[in-house]
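First comes the structure, then the notes that go with it.
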Amino acid sequence: MTEPTARPRHNSSPRIEALAATLTAITGNEPRVSADGLCTRIESDLPAQLTNRQGRMLYFALADTDHCGIDPGGYVWAEFNDLPDLDRLGPDQRAGRACALCGATLYTCRFLGAAQGVQLWACSPICPTTPLARG
């Protein structure tokens, strides 16, 4: 068994690292990862044919992303919103009662991730407004 090689990290989120590893296993291609400060995008070329099992695994892996799609050009993409700055969040946002991205009261929510021991939650499936936490 060989040790994996170290690659430059664009984001240290376990969700991003897990999806990149899963896409590598499913497609056999190294994914491309880019970040612009608001979100991190992962793209991977698809093989000419996917088995039924690979297709199910691909859809299951994409279910945990913030935005995703399969391009007719033969590649799959997924985006993860980057976590907001904790210093700019209000008390309800830090406590998980309001969306960490837009500030709206949460009725249905999704887990964004944890930063400095604070669990951050957001509107589900997507936030309807411009994020307030990023200023």
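For the structure tokens, the naming scheme is as follows: chains receive sequential letters (A, B, ...) according to their order of presentation, residues are indexed from 1 within each chain, and ligands are indexed from 1 in presentation order.
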
Within 12 Å of region 64-72 of chain A: each region 76-124 of chain A residue with its shortest pair, only C-alpha atoms, as a tab-separated table:
residue	atom	partner	partner_atom	distance
A:Val76	CA	A:Ile70	CA	4.4
A:Trp77	CA	A:Gly69	CA	5.5
A:Ala78	CA	A:Cys68	CA	4.1
A:Glu79	CA	A:His67	CA	5.1
A:Phe80	CA	A:Asp66	CA	5.1
A:Asn81	CA	A:Asp66	CA	6.6
A:Asp82	CA	A:Asp66	CA	10.1
A:Leu83	CA	A:Asp66	CA	11.9
A:Arg110	CA	A:Asp66	CA	9.5
A:Phe111	CA	A:Asp64	CA	9.7
A:Leu112	CA	A:Asp66	CA	8.9
A:Gly113	CA	A:Asp64	CA	11.7
A:Ala122	CA	A:Asp66	CA	10.4
A:Cys123	CA	A:Asp66	CA	10.8
A:Ser124	CA	A:Asp66	CA	9.5

Under the rule of at most 6 Å, produce a per-residue listing of region 43-113 of chain A near region 10-31 of chain A: chain, number, name, the closest pair of atoms, and the distance in Å, as a Markdown table, using only C-alpha atoms.
| residue | atom | partner | partner_atom | distance |
| --- | --- | --- | --- | --- |
| A:Glu43 | CA | A:Pro31 | CA | 5.4 |
| A:Ser44 | CA | A:Pro31 | CA | 4.4 |
| A:Leu46 | CA | A:Thr27 | CA | 5.6 |
| A:Pro47 | CA | A:Thr27 | CA | 5.9 |
| A:Gln54 | CA | A:Ile26 | CA | 6.0 |

In Å and to one decimal, CA of Leu86 (chain A) is distant from CA of Ala63 (chain A) by 26.0 Å

**Q.** Non-local contacts of Gly96 (chain A) (12 Å; only C-alpha atoms; under 6 positions in same chain excluded) as a list in words
**A.**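 Answer for this query is Leu89, Gly90, Gly103, Ala104, Thr105, Leu106, Tyr107, Thr108, Cys109, Arg110, Phe111, Leu112, Gly113, Ala114, Val118, Gln119, Leu120, Trp121, Ala122 and Cys123 of chain A.
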
### Task
Mind listing the strand (DSSP E or B) residues of region 57-126 of chain A, per DSSP on the backbone, as a ChimeraX atom specification?
/A:67-71,75-81,98,105,109-115,118-123

Export N, CA, C and O atoms of the chosen residues as an mmCIF file, in the first residue's frame?
data_model
loop_
_atom_site.group_PDB
_atom_site.id
_atom_site.type_symbol
_atom_site.label_atom_id
_atom_site.label_comp_id
_atom_site.auth_asym_id
_atom_site.auth_seq_id
_atom_site.Cartn_x
_atom_site.Cartn_y
_atom_site.Cartn_z
ATOM 1 N N HIS A 67 -24.207 23.491 -3.971
ATOM 2 C CA HIS A 67 -24.681 23.598 -5.350
ATOM 3 C C HIS A 67 -23.911 22.571 -6.161
ATOM 4 O O HIS A 67 -22.725 22.365 -5.928
ATOM 5 N N CYS A 68 -24.570 21.932 -7.127
ATOM 6 C CA CYS A 68 -23.860 20.926 -7.925
ATOM 7 C C CYS A 68 -24.551 20.732 -9.262
ATOM 8 O O CYS A 68 -25.664 21.196 -9.474
ATOM 9 N N GLY A 69 -23.873 20.031 -10.143
ATOM 10 C CA GLY A 69 -24.459 19.722 -11.427
ATOM 11 C C GLY A 69 -23.563 18.811 -12.245
ATOM 12 O O GLY A 69 -22.391 18.612 -11.922
ATOM 13 N N ILE A 70 -24.152 18.264 -13.299
ATOM 14 C CA ILE A 70 -23.405 17.446 -14.243
ATOM 15 C C ILE A 70 -23.514 18.143 -15.587
ATOM 16 O O ILE A 70 -24.609 18.323 -16.115
ATOM 17 N N ASP A 71 -22.398 18.582 -16.111
ATOM 18 C CA ASP A 71 -22.371 19.343 -17.353
ATOM 19 C C ASP A 71 -22.426 18.384 -18.538
ATOM 20 O O ASP A 71 -21.760 17.348 -18.533
ATOM 21 N N TYR A 75 -18.319 16.682 -17.542
ATOM 22 C CA TYR A 75 -17.700 16.834 -16.232
ATOM 23 C C TYR A 75 -18.770 17.112 -15.179
ATOM 24 O O TYR A 75 -19.889 17.523 -15.487
ATOM 25 N N VAL A 76 -18.424 16.865 -13.938
ATOM 26 C CA VAL A 76 -19.299 17.098 -12.798
ATOM 27 C C VAL A 76 -18.696 18.232 -11.979
ATOM 28 O O VAL A 76 -17.478 18.369 -11.920
ATOM 29 N N TRP A 77 -19.553 19.081 -11.379
ATOM 30 C CA TRP A 77 -19.053 20.171 -10.555
ATOM 31 C C TRP A 77 -19.877 20.249 -9.270
ATOM 32 O O TRP A 77 -21.031 19.833 -9.225
ATOM 33 N N ALA A 78 -19.242 20.784 -8.246
ATOM 34 C CA ALA A 78 -19.909 20.989 -6.958
ATOM 35 C C ALA A 78 -19.308 22.217 -6.299
ATOM 36 O O ALA A 78 -18.120 22.506 -6.473
ATOM 37 N N GLU A 79 -20.131 22.947 -5.570
ATOM 38 C CA GLU A 79 -19.659 24.134 -4.859
ATOM 39 C C GLU A 79 -20.032 24.049 -3.391
ATOM 40 O O GLU A 79 -21.103 23.567 -3.035
ATOM 41 N N PHE A 80 -19.126 24.534 -2.563
ATOM 42 C CA PHE A 80 -19.344 24.651 -1.125
ATOM 43 C C PHE A 80 -19.191 26.112 -0.750
ATOM 44 O O PHE A 80 -18.202 26.748 -1.113
ATOM 45 N N ASN A 81 -20.181 26.662 -0.047
ATOM 46 C CA ASN A 81 -20.047 28.023 0.456
ATOM 47 C C ASN A 81 -18.995 28.029 1.550
ATOM 48 O O ASN A 81 -18.985 27.150 2.415
ATOM 49 N N ALA A 98 -30.464 31.296 13.863
ATOM 50 C CA ALA A 98 -30.603 32.083 12.637
ATOM 51 C C ALA A 98 -29.553 31.613 11.638
ATOM 52 O O ALA A 98 -28.497 31.104 12.007
ATOM 53 N N THR A 105 -34.382 33.691 10.504
ATOM 54 C CA THR A 105 -34.704 32.665 11.490
ATOM 55 C C THR A 105 -34.800 31.313 10.787
ATOM 56 O O THR A 105 -35.391 31.203 9.716
ATOM 57 N N CYS A 109 -33.154 23.671 8.084
ATOM 58 C CA CYS A 109 -31.758 24.103 7.995
ATOM 59 C C CYS A 109 -30.859 22.969 7.551
ATOM 60 O O CYS A 109 -31.263 21.815 7.502
ATOM 61 N N ARG A 110 -29.630 23.344 7.244
ATOM 62 C CA ARG A 110 -28.581 22.391 6.884
ATOM 63 C C ARG A 110 -27.309 22.811 7.604
ATOM 64 O O ARG A 110 -27.087 23.992 7.869
ATOM 65 N N PHE A 111 -26.494 21.856 7.934
ATOM 66 C CA PHE A 111 -25.250 22.098 8.657
ATOM 67 C C PHE A 111 -24.204 22.622 7.687
ATOM 68 O O PHE A 111 -23.952 22.024 6.646
ATOM 69 N N LEU A 112 -23.593 23.779 8.015
ATOM 70 C CA LEU A 112 -22.531 24.345 7.183
ATOM 71 C C LEU A 112 -21.165 23.823 7.568
ATOM 72 O O LEU A 112 -20.305 23.618 6.739
ATOM 73 N N GLY A 113 -20.952 23.655 8.849
ATOM 74 C CA GLY A 113 -19.655 23.241 9.357
ATOM 75 C C GLY A 113 -19.417 23.886 10.709
ATOM 76 O O GLY A 113 -20.241 24.634 11.208
ATOM 77 N N ALA A 114 -18.279 23.594 11.288
ATOM 78 C CA ALA A 114 -17.927 24.148 12.587
ATOM 79 C C ALA A 114 -16.663 24.979 12.436
ATOM 80 O O ALA A 114 -15.747 24.611 11.713
ATOM 81 N N ALA A 115 -16.643 26.108 13.115
ATOM 82 C CA ALA A 115 -15.476 26.982 13.122
ATOM 83 C C ALA A 115 -15.221 27.405 14.555
ATOM 84 O O ALA A 115 -16.122 27.933 15.215
ATOM 85 N N VAL A 118 -17.838 26.431 17.099
ATOM 86 C CA VAL A 118 -19.202 26.919 16.902
ATOM 87 C C VAL A 118 -19.794 26.199 15.693
ATOM 88 O O VAL A 118 -19.222 26.233 14.611
ATOM 89 N N GLN A 119 -20.944 25.536 15.892
ATOM 90 C CA GLN A 119 -21.611 24.880 14.778
ATOM 91 C C GLN A 119 -22.452 25.909 14.039
ATOM 92 O O GLN A 119 -23.253 26.616 14.635
ATOM 93 N N LEU A 120 -22.258 25.991 12.720
ATOM 94 C CA LEU A 120 -22.954 26.972 11.897
ATOM 95 C C LEU A 120 -24.010 26.281 11.047
ATOM 96 O O LEU A 120 -23.761 25.245 10.452
ATOM 97 N N TRP A 121 -25.199 26.889 11.002
ATOM 98 C CA TRP A 121 -26.340 26.342 10.267
ATOM 99 C C TRP A 121 -26.832 27.383 9.273
ATOM 100 O O TRP A 121 -26.683 28.579 9.483
ATOM 101 N N ALA A 122 -27.457 26.927 8.177
ATOM 102 C CA ALA A 122 -27.951 27.832 7.143
ATOM 103 C C ALA A 122 -29.325 27.378 6.677
ATOM 104 O O ALA A 122 -29.748 26.256 6.948
ATOM 105 N N CYS A 123 -30.014 28.268 5.962
ATOM 106 C CA CYS A 123 -31.313 27.952 5.379
ATOM 107 C C CYS A 123 -31.177 26.720 4.476
ATOM 108 O O CYS A 123 -30.141 26.513 3.860
#

The distance between CA of Gln93 (chain A) and CA of Ile126 (chain A) is 15.9 Å

ask   = Out of chain A, which residues get helix (DSSP H, G or I) from DSSP, as a PyMOL selection string?
value = chain A and resi 14-27+52-62+86-88+91-95
